[in-house]
$ cat final-v9.cif   # mmCIF, C-alpha atoms and all ligand atoms
data_structure
loop_
_atom_site.label_atom_id
_atom_site.label_comp_id
_atom_site.auth_asym_id
_atom_site.auth_seq_id
_atom_site.Cartn_x
_atom_site.Cartn_y
_atom_site.Cartn_z
CA MET A 1 85.02 45.99 -87.29
CA THR A 2 84.55 49.42 -85.79
CA LEU A 3 86.66 50.12 -82.77
CA PRO A 4 85.80 52.60 -80.07
CA ILE A 5 87.80 55.77 -80.68
CA ARG A 6 89.61 58.40 -78.66
CA ASN A 7 91.05 61.48 -80.35
CA VAL A 8 93.67 63.26 -78.30
CA ALA A 9 96.04 66.13 -79.02
CA ILE A 10 99.44 66.40 -77.39
CA ILE A 11 100.36 69.90 -76.38
CA ALA A 12 103.63 71.06 -74.83
CA HIS A 13 106.42 73.56 -74.76
CA VAL A 14 109.25 72.57 -77.08
CA ASP A 15 111.72 70.12 -75.50
CA HIS A 16 109.38 69.02 -72.75
CA GLY A 17 109.46 65.57 -74.28
CA LYS A 18 106.54 65.19 -76.66
CA THR A 19 108.46 63.28 -79.31
CA THR A 20 110.11 60.92 -76.85
CA LEU A 21 106.81 60.24 -75.12
CA VAL A 22 104.85 59.48 -78.28
CA ASP A 23 107.67 57.26 -79.41
CA ALA A 24 107.33 55.28 -76.16
CA LEU A 25 103.55 55.05 -76.64
CA LEU A 26 103.98 53.74 -80.18
CA LYS A 27 106.57 51.19 -79.14
CA GLN A 28 104.60 49.92 -76.18
CA ALA A 29 101.17 49.84 -77.78
CA GLY A 30 102.22 46.90 -79.94
CA THR A 31 103.33 44.90 -76.96
CA PHE A 32 100.00 45.19 -75.13
CA ARG A 33 98.05 43.87 -78.05
CA GLU A 34 98.18 40.13 -77.73
CA GLY A 35 94.90 38.49 -78.51
CA GLU A 36 93.36 41.62 -79.95
CA GLU A 37 91.94 41.60 -83.40
CA VAL A 38 94.01 43.45 -85.94
CA PRO A 39 92.29 44.35 -89.19
CA ASP A 40 94.16 43.68 -92.41
CA CYS A 41 96.34 46.44 -93.64
CA VAL A 42 95.94 46.72 -97.38
CA MET A 43 99.15 48.58 -97.87
CA ASP A 44 101.47 51.11 -96.38
CA SER A 45 100.95 54.38 -98.10
CA ASN A 46 103.76 56.42 -96.77
CA ASP A 47 107.14 54.80 -96.67
CA LEU A 48 108.90 58.10 -96.68
CA GLU A 49 107.11 59.14 -93.56
CA ARG A 50 108.13 55.94 -91.86
CA GLU A 51 111.72 56.44 -92.85
CA ARG A 52 111.73 59.89 -91.44
CA GLY A 53 110.20 58.34 -88.40
CA ILE A 54 109.00 60.04 -85.35
CA THR A 55 110.77 63.31 -86.02
CA ILE A 56 107.90 64.39 -88.21
CA LEU A 57 105.37 63.78 -85.52
CA SER A 58 103.62 66.94 -86.66
CA LYS A 59 100.76 64.89 -88.06
CA ASN A 60 98.69 62.02 -86.85
CA THR A 61 99.67 58.79 -85.24
CA ALA A 62 97.43 56.13 -83.82
CA VAL A 63 97.79 53.34 -81.32
CA ARG A 64 95.48 50.61 -80.28
CA TYR A 65 94.98 49.82 -76.62
CA LYS A 66 92.38 47.55 -75.03
CA ASP A 67 90.57 47.36 -78.36
CA THR A 68 90.27 51.13 -78.61
CA LEU A 69 91.80 53.18 -81.40
CA ILE A 70 93.60 56.17 -79.93
CA ASN A 71 94.36 58.83 -82.52
CA ILE A 72 97.19 61.02 -81.32
CA VAL A 73 97.56 64.37 -82.98
CA ASP A 74 100.55 66.60 -82.54
CA THR A 75 100.09 70.30 -82.03
CA PRO A 76 102.68 72.93 -82.88
CA GLY A 77 103.60 74.88 -79.78
CA HIS A 78 104.68 78.02 -81.51
CA ALA A 79 102.47 81.10 -81.67
CA ASP A 80 103.22 81.39 -85.40
CA PHE A 81 101.00 78.38 -85.87
CA GLY A 82 98.04 79.73 -83.99
CA GLY A 83 95.56 78.81 -86.70
CA GLU A 84 96.94 75.31 -86.99
CA VAL A 85 96.69 74.78 -83.24
CA GLU A 86 93.04 75.74 -83.30
CA ARG A 87 92.29 73.47 -86.22
CA VAL A 88 94.03 70.52 -84.62
CA LEU A 89 92.21 71.06 -81.36
CA GLY A 90 88.97 71.06 -83.33
CA MET A 91 89.66 67.46 -84.38
CA VAL A 92 90.06 66.07 -80.87
CA ASP A 93 87.96 65.50 -77.80
CA GLY A 94 90.73 65.71 -75.26
CA CYS A 95 94.35 66.71 -74.89
CA LEU A 96 97.47 65.77 -73.01
CA LEU A 97 99.48 68.67 -71.66
CA ILE A 98 103.11 67.68 -71.15
CA VAL A 99 105.11 69.73 -68.68
CA ASP A 100 108.75 69.24 -67.75
CA ALA A 101 108.99 68.36 -64.04
CA ASN A 102 111.93 70.64 -63.58
CA GLU A 103 111.04 73.63 -65.72
CA GLY A 104 107.33 73.72 -65.05
CA PRO A 105 105.04 75.59 -67.47
CA MET A 106 106.83 77.72 -70.09
CA PRO A 107 105.57 80.28 -72.64
CA GLN A 108 104.43 77.72 -75.19
CA THR A 109 102.74 75.72 -72.46
CA ARG A 110 100.70 78.80 -71.76
CA PHE A 111 99.95 79.45 -75.41
CA VAL A 112 98.68 75.99 -76.27
CA LEU A 113 96.88 75.49 -72.97
CA LYS A 114 94.99 78.73 -73.49
CA LYS A 115 93.77 77.50 -76.87
CA ALA A 116 92.78 74.11 -75.45
CA LEU A 117 90.83 75.67 -72.60
CA GLU A 118 89.09 78.04 -74.99
CA LYS A 119 87.99 75.02 -77.01
CA GLY A 120 86.41 73.63 -73.86
CA LEU A 121 88.74 70.64 -73.70
CA ARG A 122 89.58 69.11 -70.33
CA PRO A 123 93.31 68.48 -70.46
CA ILE A 124 95.11 65.59 -68.81
CA VAL A 125 98.38 66.85 -67.34
CA LEU A 126 101.55 64.80 -67.65
CA VAL A 127 104.51 65.90 -65.56
CA ASN A 128 107.39 64.50 -67.55
CA LYS A 129 111.11 63.74 -67.11
CA ILE A 130 110.65 62.79 -63.46
CA ASP A 131 113.73 60.61 -63.76
CA ARG A 132 115.87 63.72 -63.71
CA GLN A 133 117.73 64.53 -60.54
CA ARG A 134 116.44 68.04 -60.16
CA ALA A 135 112.88 67.15 -61.03
CA ASP A 136 110.30 68.73 -58.76
CA PRO A 137 107.07 67.09 -59.91
CA HIS A 138 104.70 68.36 -57.23
CA THR A 139 105.78 71.95 -57.67
CA ALA A 140 105.22 71.53 -61.40
CA VAL A 141 101.65 70.36 -60.75
CA ASP A 142 101.03 73.39 -58.50
CA LYS A 143 102.36 75.73 -61.15
CA VAL A 144 100.18 74.10 -63.78
CA LEU A 145 97.13 74.63 -61.60
CA ASP A 146 98.11 78.29 -61.14
CA LEU A 147 98.31 78.60 -64.91
CA PHE A 148 94.88 77.01 -65.38
CA LEU A 149 93.40 79.49 -62.92
CA GLU A 150 95.19 82.41 -64.52
CA LEU A 151 93.89 81.41 -67.95
CA GLY A 152 90.33 81.33 -66.67
CA ALA A 153 89.81 77.57 -66.72
CA ASP A 154 86.43 76.47 -65.43
CA ASP A 155 85.99 74.28 -62.36
CA ASP A 156 85.91 71.04 -64.32
CA GLN A 157 89.05 71.93 -66.24
CA CYS A 158 90.84 72.85 -63.01
CA GLU A 159 90.18 69.39 -61.61
CA PHE A 160 92.51 67.95 -64.20
CA PRO A 161 93.77 64.41 -63.85
CA TYR A 162 97.54 64.31 -63.71
CA LEU A 163 100.22 61.70 -64.08
CA PHE A 164 103.95 61.58 -63.60
CA ALA A 165 106.14 60.13 -66.32
CA SER A 166 109.46 59.59 -67.87
CA GLY A 167 108.99 59.33 -71.60
CA MET A 168 112.62 58.37 -71.84
CA ALA A 169 112.38 55.51 -69.37
CA GLY A 170 108.97 54.60 -70.79
CA PHE A 171 106.76 54.72 -67.72
CA ALA A 172 103.87 56.77 -66.38
CA LYS A 173 102.15 56.62 -63.01
CA GLU A 174 99.40 58.30 -61.07
CA LYS A 175 101.31 58.76 -57.87
CA LEU A 176 105.02 59.27 -57.45
CA GLU A 177 105.25 56.39 -55.00
CA ASP A 178 103.57 53.95 -57.43
CA GLU A 179 105.66 51.32 -59.12
CA SER A 180 105.27 51.47 -62.86
CA VAL A 181 107.36 50.07 -65.63
CA ASP A 182 105.24 51.09 -68.58
CA MET A 183 102.81 53.56 -70.08
CA LYS A 184 99.66 51.63 -69.19
CA PRO A 185 98.51 54.25 -66.66
CA LEU A 186 98.65 56.87 -69.41
CA PHE A 187 96.78 54.69 -71.90
CA ASP A 188 94.18 54.03 -69.24
CA ALA A 189 93.92 57.76 -68.56
CA PHE A 190 93.19 58.34 -72.26
CA LEU A 191 90.38 55.79 -72.15
CA ARG A 192 88.97 57.18 -68.93
CA HIS A 193 89.34 60.93 -69.37
CA VAL A 194 89.13 61.61 -73.09
CA PRO A 195 85.47 61.46 -74.07
CA PRO A 196 84.60 59.35 -77.10
CA PRO A 197 83.87 61.48 -80.16
CA ILE A 198 80.29 62.40 -80.80
CA GLY A 199 78.74 62.19 -84.26
CA ASP A 200 76.22 60.04 -86.04
CA PRO A 201 77.45 57.49 -88.60
CA GLU A 202 73.94 57.32 -90.10
CA LYS A 203 73.70 61.02 -90.90
CA PRO A 204 74.91 62.53 -94.20
CA LEU A 205 78.68 62.66 -94.47
CA GLN A 206 80.48 65.68 -93.05
CA LEU A 207 84.27 65.65 -92.98
CA GLN A 208 86.17 68.80 -92.22
CA VAL A 209 89.48 69.43 -93.97
CA THR A 210 91.93 70.21 -91.19
CA THR A 211 95.38 69.56 -92.64
CA LEU A 212 96.65 69.28 -96.18
CA ASP A 213 99.39 66.99 -97.29
CA TYR A 214 100.76 66.07 -100.65
CA SER A 215 102.19 62.98 -102.26
CA ASP A 216 103.62 62.68 -105.78
CA TYR A 217 101.53 59.62 -106.28
CA LEU A 218 98.21 60.69 -104.83
CA GLY A 219 98.37 64.46 -105.19
CA ARG A 220 96.70 66.53 -102.56
CA ILE A 221 95.72 64.60 -99.46
CA ILE A 222 93.33 66.00 -96.97
CA ILE A 223 93.33 65.03 -93.33
CA GLY A 224 90.40 65.66 -91.09
CA LYS A 225 87.75 64.41 -88.77
CA ILE A 226 84.53 62.76 -89.86
CA HIS A 227 81.97 64.71 -87.87
CA ASN A 228 78.98 62.75 -89.17
CA GLY A 229 78.25 59.94 -91.58
CA THR A 230 80.45 57.33 -93.17
CA ILE A 231 82.99 57.69 -95.96
CA ARG A 232 83.89 54.88 -98.33
CA ALA A 233 86.78 54.47 -100.73
CA GLY A 234 85.60 54.94 -104.30
CA GLN A 235 82.40 56.74 -103.43
CA GLN A 236 81.27 60.00 -104.99
CA ALA A 237 81.42 62.85 -102.53
CA ALA A 238 80.95 66.58 -102.69
CA LEU A 239 83.33 69.28 -101.61
CA VAL A 240 81.66 72.44 -100.39
CA THR A 241 84.21 75.17 -101.00
CA GLU A 242 84.72 78.33 -99.01
CA SER A 243 82.69 80.26 -101.57
CA GLY A 244 79.83 77.79 -101.28
CA ALA A 245 80.43 76.01 -104.60
CA ILE A 246 79.73 72.29 -104.64
CA VAL A 247 82.31 70.18 -106.45
CA LYS A 248 81.52 66.51 -106.91
CA THR A 249 84.51 64.19 -106.87
CA LYS A 250 85.45 60.60 -106.22
CA VAL A 251 87.25 59.48 -103.09
CA THR A 252 90.19 57.86 -104.85
CA LYS A 253 91.86 56.65 -101.69
CA LEU A 254 90.87 56.50 -98.05
CA MET A 255 93.42 56.01 -95.31
CA GLY A 256 93.41 55.59 -91.57
CA PHE A 257 96.30 55.87 -89.15
CA GLU A 258 98.19 53.02 -87.57
CA GLY A 259 101.33 53.84 -85.64
CA LEU A 260 103.25 56.25 -87.83
CA LYS A 261 101.82 54.76 -90.99
CA ARG A 262 98.82 55.48 -93.07
CA ILE A 263 96.94 52.39 -94.04
CA GLU A 264 94.43 52.09 -96.81
CA ILE A 265 90.94 51.40 -95.50
CA GLU A 266 87.57 50.70 -97.11
CA SER A 267 85.43 52.92 -94.94
CA ALA A 268 85.39 55.02 -91.79
CA SER A 269 82.63 56.54 -89.74
CA ALA A 270 81.81 59.53 -87.56
CA GLY A 271 84.45 60.28 -84.96
CA ASN A 272 87.42 58.94 -86.86
CA LEU A 273 90.33 60.84 -88.33
CA VAL A 274 91.19 59.97 -91.90
CA ALA A 275 93.35 60.97 -94.84
CA VAL A 276 91.55 61.22 -98.18
CA ALA A 277 92.84 61.59 -101.74
CA GLY A 278 90.83 62.72 -104.72
CA PHE A 279 90.03 66.28 -103.77
CA ALA A 280 92.63 68.26 -105.67
CA GLY A 281 90.98 71.58 -104.99
CA ALA A 282 90.17 71.18 -101.32
CA ASN A 283 91.34 73.79 -98.86
CA ILE A 284 91.56 73.91 -95.12
CA GLY A 285 88.29 74.47 -93.34
CA GLU A 286 86.09 73.20 -96.19
CA THR A 287 83.73 70.26 -95.88
CA ILE A 288 83.54 66.99 -97.75
CA THR A 289 79.97 65.89 -97.68
CA ASP A 290 77.21 63.77 -99.16
CA PRO A 291 76.64 64.71 -102.83
CA ASN A 292 72.92 64.05 -102.47
CA ASP A 293 72.54 66.06 -99.30
CA PRO A 294 75.48 68.48 -99.10
CA GLN A 295 75.78 70.10 -95.69
CA ALA A 296 78.83 72.19 -94.93
CA LEU A 297 80.28 72.51 -91.46
CA PRO A 298 81.10 76.02 -90.27
CA LEU A 299 84.35 77.13 -91.90
CA ILE A 300 87.42 77.21 -89.67
CA LYS A 301 89.25 80.48 -90.03
CA VAL A 302 92.86 80.27 -91.11
CA ASP A 303 95.44 82.93 -90.55
CA GLU A 304 98.36 81.38 -92.37
CA PRO A 305 99.18 79.86 -95.77
CA THR A 306 96.84 76.97 -96.38
CA LEU A 307 99.14 74.50 -98.06
CA GLN A 308 102.08 73.17 -96.14
CA MET A 309 104.29 70.81 -98.01
CA THR A 310 106.30 68.69 -95.67
P1 LIG A 401 109.91 67.69 -77.82
O1 LIG A 401 110.60 68.90 -78.36
O2 LIG A 401 108.84 68.06 -76.86
O3 LIG A 401 109.43 66.74 -78.87
O4 LIG A 401 111.01 66.94 -76.90
P2 LIG A 401 111.89 65.66 -77.18
O5 LIG A 401 111.12 64.41 -77.00
O6 LIG A 401 112.63 65.83 -78.45
O7 LIG A 401 112.89 65.76 -75.94
C1 LIG A 401 113.68 66.91 -75.71
C2 LIG A 401 114.93 66.50 -74.93
O8 LIG A 401 114.57 66.00 -73.66
C3 LIG A 401 115.73 65.39 -75.60
O9 LIG A 401 117.10 65.63 -75.37
C4 LIG A 401 115.27 64.15 -74.88
O10 LIG A 401 116.25 63.14 -74.88
C5 LIG A 401 115.02 64.67 -73.48
N1 LIG A 401 113.95 63.90 -72.81
C6 LIG A 401 112.73 63.61 -73.30
N2 LIG A 401 112.01 62.90 -72.40
C7 LIG A 401 112.81 62.75 -71.32
C8 LIG A 401 112.63 62.09 -70.05
O11 LIG A 401 111.60 61.49 -69.74
N3 LIG A 401 113.68 62.17 -69.19
C9 LIG A 401 114.84 62.81 -69.48
N4 LIG A 401 115.80 62.82 -68.56
N5 LIG A 401 115.04 63.42 -70.66
C10 LIG A 401 114.04 63.39 -71.58
#
$ encode --input "final-v9.cif" --output "structure tokens"
Amino acid sequence: MTLPIRNVAIIAHVDHGKTTLVDALLKQAGTFREGEEVPDCVMDSNDLERERGITILSKNTAVRYKDTLINIVDTPGHADFGGEVERVLGMVDGCLLIVDANEGPMPQTRFVLKKALEKGLRPIVLVNKIDRQRADPHTAVDKVLDLFLELGADDDQCEFPYLFASGMAGFAKEKLEDESVDMKPLFDAFLRHVPPPIGDPEKPLQLQVTTLDYSDYLGRIIIGKIHNGTIRAGQQAALVTESGAIVKTKVTKLMGFEGLKRIEIESASAGNLVAVAGFAGANIGETITDPNDPQALPLIKVDEPTLQMT
């Protein structure tokens, strides 16, 4: 079964409530899922990650809502991770900008928003922590618009959809006067405003290495977006390295995202985000492709060490 997909990055200044909000999304997504088909999970591949829980949000999570798979990717807010921010934004088709209702936009808001706008994304704005006494949600929206204009956002980007939320209380709503007890309005906004990924599952495989991870058991794990084609566990694939060399290797394990877990899957197609083991020599920016028709994607420049062990 192939579900429709949305890939969305969450961007925010530190402490504006990203972790709390994603936690609420993960908790609630399960409860909306009655009657939906859930594919079998072969196994959990990352118990450690689950134990550490949401605090390591720095990678991918996924929720299912109205039979759509929503991949949620965290983005570091700090300027030291500029290259990482760009890479992550290259994996998604939309982003959620979280802004504290009281503080309004802060330096990291500006930094990440600038990158998102440069990528041509059309952010959804979430004014968060509206439960707080001194919250001033409408002023926050005005300040966000000022920031969009200042950063040279185009007309479409400036007409951003916005919602008000309390990640802590677990609700989001389109208008302050609305009654809302859950995050459904935000899930619906993802479905409505984040475009589905483009890409052709019938074309030769092209998967761009965006993040590297490591497990004692599987070795180097690459995480990235399938831009075209379909990848299958056990298949032979080719890595096109930065220098243009073609290294043929087997996909020893293929994983998708489900909540905070990685689950082993048999195959995945264009548009999806996956974790892949078997490519010990892969580096960020390189392409995993069809060994019979190797076609590299343009390299993504990196300005920081390429292997981050977490
Ligand atoms: P992050 O740094 O963006 O991941 O922010 P966190 O989710 O860790 O939240 C930062 C702080 O704000 C924590 O003390 C949270 O308890 C608090 N917080 C997060 N969301 C809300 C909210 O909706 N309302 C209120 N009042 N506090 C919140």
$ closest_atom_pairs --input "final-v9.cif" --of "region 118-138 of chain A" --to "region 103-108 of chain A" --cutoff "12 Å" --atoms "all atoms listed in the file" --output "tab-separated table"
residue	atom	partner	partner_atom	distance
A:Val125	CA	A:Pro105	CA	11.0
A:Leu126	CA	A:Gly104	CA	10.9
A:Val127	CA	A:Gly104	CA	8.3
A:Asn128	CA	A:Gly104	CA	9.6
A:Lys129	CA	A:Glu103	CA	10.0
A:Ile130	CA	A:Glu103	CA	11.1
A:Arg132	CA	A:Glu103	CA	11.2
A:Arg134	CA	A:Glu103	CA	9.6
A:Ala135	CA	A:Glu103	CA	8.2
A:Asp136	CA	A:Glu103	CA	8.5
A:Pro137	CA	A:Gly104	CA	8.4
A:His138	CA	A:Gly104	CA	9.8
$ write_last_selection --input "final-v9.cif" --atoms "C-alpha atoms" --output "PDB file, in the frame of the given file"
ATOM      1  CA  VAL A 125      98.380  66.850 -67.340  1.00  0.00           C
ATOM      2  CA  LEU A 126     101.550  64.800 -67.650  1.00  0.00           C
ATOM      3  CA  VAL A 127     104.510  65.900 -65.560  1.00  0.00           C
ATOM      4  CA  ASN A 128     107.390  64.500 -67.550  1.00  0.00           C
ATOM      5  CA  LYS A 129     111.110  63.740 -67.110  1.00  0.00           C
ATOM      6  CA  ILE A 130     110.650  62.790 -63.460  1.00  0.00           C
ATOM      7  CA  ARG A 132     115.870  63.720 -63.710  1.00  0.00           C
ATOM      8  CA  ARG A 134     116.440  68.040 -60.160  1.00  0.00           C
ATOM      9  CA  ALA A 135     112.880  67.150 -61.030  1.00  0.00           C
ATOM     10  CA  ASP A 136     110.300  68.730 -58.760  1.00  0.00           C
ATOM     11  CA  PRO A 137     107.070  67.090 -59.910  1.00  0.00           C
ATOM     12  CA  HIS A 138     104.700  68.360 -57.230  1.00  0.00           C
TER      13      HIS A 138
END
$ atom_distance --input "final-v9.cif" --atom1 "CA of Ile70 (chain A)" --atom2 "CA of Arg6 (chain A)"
4.7 Å
$ atom_distance --input "final-v9.cif" --atom1 "CA of Thr289 (chain A)" --atom2 "CA of Val274 (chain A)"
13.9 Å
$ residues_near_ligand --input "final-v9.cif" --ligand "ligand LIG 401 (chain A)" --cutoff "7 Å" --atoms "all atoms listed in the file" --output "list in words"
Ala12, His13, Val14, Asp15, His16, Gly17, Lys18, Thr19, Thr20, Leu21, Asn128, Lys129, Ile130, Asp131, Arg132, Ala165, Ser166, Gly167, Met168 and Ala169 of chain A
$ residues_around --input "final-v9.cif" --residues "Gln206 (chain A)" --least-positions-apart "4" --cutoff "6 Å" --atoms "all atoms listed in the file" --output "list in words"
Ile226, His227, Asn228, Ile288 and Thr289 of chain A
